[in-house]
There are 2 protein chains.
Amino acid sequence: MPPLSKKDSNGAVTRPVHSRTDTGASDWATDNEVEVDDKKQKAQSDFDKKKQTFITRAIWTLIMIGVFFGSIAAGHIYLIIIVTAVQIISFKEVIAISNVPSRARSLRFTKTLSWYFLGTTMYFLYGESVIYYFKHIVLIDRVLLPFATHHRFISFMLYVMGFVFFVASLQKGHYRFQFTQFAWTHMALYLIVVQAHFIMNNIFEGMIWFFLPVSLVITNDIFAYICGITFGKTQLIKLSPKKTVEGFVGAWICTVLLGFVLTNVLMRYSYFICPVNDLGANVFTGLHCTPNPVFLPHTYTLPFIPSPWTFLPQKITVAPMQFHILVMATFASLIAPFGGFFASGLKRTFNIKDFGDSIPGHGGMTDRMDCQFIMGFFAFMYYQSFIAVYKTSVGSVIETVITGLSAEEQIEVVRGLAKHLYNQGVVGNDVVEYLAKRLGEGVKR
Amino acid sequence: MPPLSKKDSNGAVTRPVHSRTDTGASDWATDNEVEVDDKKQKAQSDFDKKKQTFITRAIWTLIMIGVFFGSIAAGHIYLIIIVTAVQIISFKEVIAISNVPSRARSLRFTKTLSWYFLGTTMYFLYGESVIYYFKHIVLIDRVLLPFATHHRFISFMLYVMGFVFFVASLQKGHYRFQFTQFAWTHMALYLIVVQAHFIMNNIFEGMIWFFLPVSLVITNDIFAYICGITFGKTQLIKLSPKKTVEGFVGAWICTVLLGFVLTNVLMRYSYFICPVNDLGANVFTGLHCTPNPVFLPHTYTLPFIPSPWTFLPQKITVAPMQFHILVMATFASLIAPFGGFFASGLKRTFNIKDFGDSIPGHGGMTDRMDCQFIMGFFAFMYYQSFIAVYKTSVGSVIETVITGLSAEEQIEVVRGLAKHLYNQGVVGNDVVEYLAKRLGEGVKR
């Protein structure tokens with residue numbers, strides 16, 4: 001989460017800013033002595049200022065690293081709280097940039113409405129997660145049950161109330177401002193809150209699905225800076241003149257390598273690879289589960305080895321996760337930076353340097369998180385599509401059957417499954433026949 | 001779908017426009033004869049123009065009514081096609097209003113990108129519906145299966161490609177225009193395409209869930225106009241000066257009454273109340289299903305009858321659907337019009353009279369559909385939350401168990417269900433004991 005380098009300097013070709021200021025001062029040194037003194041003093045105070053900024057930045061970087069690892073150790077709930085705080089601060093920053101204070105003052109409800117929509121969206125998304133991951137608790141609670149079964153309807157009606165209120169609060173002469181705020185709030189909800197929701201789901205699926213994407217983005221950020229100042233020559237994108245092709249490609253290679261190493265280490269700890277089956281877990285209590293097969297070694301036979309390289313092994317044993325991390329590292333290196341470019345473009349559009357000053361020395365929260373949101377969204381989609389298994393549990397199936405089917409249909413399920421188990425050679429035909437006879441009677445009774 | 005009255009005249013207090021033009025001409029009649037002749041000629045040509053517009057409008061209203069009932073009779077697939085066409089035309093109209101042609105000309109990809117996002121969103125939403133409603137077909141097809149199991153991931157990557165392309169196409173000096181287009185496209189996708197998706201799901205759930213919401217909105221529109229010109233005095237909302245409280249309340253009462261009558265009629269036809277279990281069905285072939293219990297009469301005991309009214313029956317027998325229609329008619333009357341007010345506000349913001357000229361004599365498609373989108377969304381949420389039952393079928397449970405659980409877990413399900421059936425008194429204890437014994441052996445084998 002806390003990048004050590006400033007985003008804008010991703011592959012910087014220019015020198016650090018304070019040396020440029022020095023050069024600027026010496027260009028004018030021929031004029032007269034007083035002026036030279038002034039310049040020197042100015043350069044000195046500039047340098048002091050930069051130094052102060054650098055120190056603040058370093059301290060806050062350490063604080064962020066501390067909070068990050070601290071909450072990882074403390075448990076999933078603390079991480080959720082951190083992500084929630086990050087999303088609220090980012091939302092605040094993003095809706096603020098399209099705000100025109102003089103306009104907003106004469107319209108009492110504009111800001112309230114943005115926060116109302118944030119509340120509604122969070123109610124909806126958190127509710128979805130809670131219902132999905134804590135079904136076994138929510139569905140047996142008398143008070144919570146109606147909120148769970150009608151969750152989407154309640155959320156929809158909350159949203160509709162906000163919508164009606166927005167329309168009713170439209171004021172002549174302010175239409176354009178109000179509609180812009182409305183559209184902008186929705187963009188912020190979609191870009192920040194919805195994407196942060198997926199980051200939280202990643203935490204529920206297992207610490208590693210949160211830790212890896214976040215680390216890959218930070219790693220890529222740092223290496224883009226290092227590779228950029230070392231080899232950087234060719235400009236990558238007009239939007240950010242300091243970014244270079246060399247920084248981009250170099251960071252990709254480094255991120256993939258670090259991804260391999262990091263995965264190899266994290267895979268060994270069940271605290272990282274287990275989904276949250278106990279919210280009270282922390283790094284000391286640990287977590288226990290049957291590991292997802294992607295973390296277990298698998299032997300692959302290489303299809304073809306060129307004849308001169310016969311010394312190569314014909315088979316390799318590796319955890320499938322090592323292939324998945326390749327895809328994730330590639331996304332973090334080649335696609336996620338576009339989240340940052342998008343944020344840069346927005347800042348240029350509104351003529352601002354940073355989204356805010358939430359983190360001293362670093363600028364706004366959004367400046368630090370711009371690539372994390374899309375990366376977290378990707379990680380979730382990728383996990384759901386290619387990694388998640390056993391989404392069904394015995395408990396959830398029985399719950400579905402008991403709540404959704406009649407007794408006759410339940411019997412049909414039992415008989416159908418027995419038949420299937422017989423077809424698979426798991427049980428003998430006598431079980432099927434017995435059930436056909438006995439359950440037939442059961443229904444009639 | 002085709003309202004007989006113009007939206008803006010919902011509760012009109014003013015006279016029809018052409019009579020006002022006449023009055024305007026006669027005010028100036030004292031000046032001189034040539035001018036009077038000019039005015040008369042102008043008034044005459046104005047009148048001819050209005051007459052022509054009225055005829056065009058009437059013809060197109062009839063065409064729309066014809067298409068509407070024609071496609072209802074022809075079958076669900078034709079309705080889906082109509083709704084798809086409506087959403088594409090509305091999307092085109094809405095993205096066009098924020099377009100600045102001179103800007104767009106120098107940026108080649110802005111329009112292409114909006115359409116690309118439309119395509120991606122439609123791919124995602126139609127795919128979701130197809131997978132949900134035609135699981136039994138999609139999941140057993142070798143070619144379709146990977147598209148079904150990775151549907152969300154594929155959609156996400158398609159979207160990300162568009163996002164990356166957008167960022168890469170950002171051009172200096174055009175940032176504000178490009179970001180506005182981006183935000184605007186997303187608003188249109190959300191307000192039109194996502195909501196239209198729910199209208200299509202309503203069609204799949206049964207023709208009545210499409211027909212009732214659409215009819216209620218049109219009915220409300222017409223009665224707001226009739227009640228407005230008959231009793232209208234008090235202005236309702238600043239945004240639309242022609243709308244009156246009397247029109248609003250009168251229309252509500254009429255819509256509720258018409259809702260009762262309409263429901264009473266439609267409930268008798270299985271073609272309307274059955275979900276689509278056969279895509280080839282039309283009004284002649286019909287549809288067959290076990291009706292949802294909301295359509296079956298239910299006897300309610302009145303809790304309290306005031307003593308003077310002992311002639312009232314103590315029990316009433318009515319289909320629960322008659323209560324649900326009360327809620328739907330109320331939403332159509334009190335909330336859905338805000339969709340129209342929202343659209344009016346947008347039109348005022350951009351200084352346009354109509355969203356387009358897609359329907360001759362009626363203006364844009366969006367002008368006709370503004371209240372339908374939110375109503376369709378509501379109908380779907382309400383249906384899912386309070387009406388839908390038996391979402392689980394024996395087939396889908398068995399499918400879940402077979403695909404998601406191991407043989408051991410499947411046996412656990414069978415034993416768990418047998419135990420539950422015994423607890424419910426459906427089967428004897430001997431079945432549970434037999435299964436415990438025989439299935440235990442099964443696993444060991």
# chains A, B, ... in the order shown; residues from 1 in each chain; ligands from 1
$ residues_around --residues "B:Phe342" --least-positions-apart "4" --cutoff "7 Å" --atoms "only C-alpha atoms" --output "PyMOL selection string"
(chain A and resi 167) or (chain B and resi 338+346)
$ write_last_selection --atoms "N, CA and C atoms" --output "compact mmCIF listing (two decimals), in the first residue's frame"
# COMPACT_ATOMS: atom_id res chain seq x y z
N VAL A 167 -33.93 14.87 -7.62
CA VAL A 167 -34.78 15.53 -8.62
C VAL A 167 -35.57 16.66 -7.97
N PHE B 338 -40.68 10.76 -11.41
CA PHE B 338 -39.41 11.44 -11.15
C PHE B 338 -38.35 11.07 -12.19
N LEU B 346 -32.49 17.29 -17.39
CA LEU B 346 -31.37 17.10 -18.30
C LEU B 346 -31.58 17.92 -19.56
$ interface_residues --of "chain A" --to "chain B" --cutoff "7 Å" --atoms "only C-alpha atoms" --output "PyMOL selection string"
chain A and resi 150+153+164+167+175-176+183+187+338+341-342+345+349+381-382+385+390-392+394+398+404-405+409+413-414+417+426-427+439+442-443
$ residues_around --residues "stretch 360-364 of chain B" --least-positions-apart "6" --cutoff "6 Å" --atoms "only C-alpha atoms" --output "list in words"
Thr53, Thr56, Arg57 and Asp354 of chain B
$ residues_around --residues "A:His76" --least-positions-apart "2" --cutoff "10 Å" --atoms "only C-alpha atoms" --output "list of chain:residue names"
A:Ser71, A:Ile72, A:Ala73, A:Ala74, A:Tyr78, A:Leu79, A:Ile80, A:Ile81, A:Ile82, A:Met200, A:Ile203, A:Phe204, A:Gly206, A:Met207, A:Pro275, A:Val276, A:Asp278, A:Leu279, A:Gly280, A:Ala281, A:Asn282, A:Val283
$ atom_distance --atom1 "atom CA of A:Ser240" --atom2 "atom CA of A:Arg368"
16.0 Å
$ select_by_dssp --residues "stretch 108-254 of chain B" --states "strand (DSSP E or B)" --output "PyMOL selection string"
chain B and resi 235-237+240-244
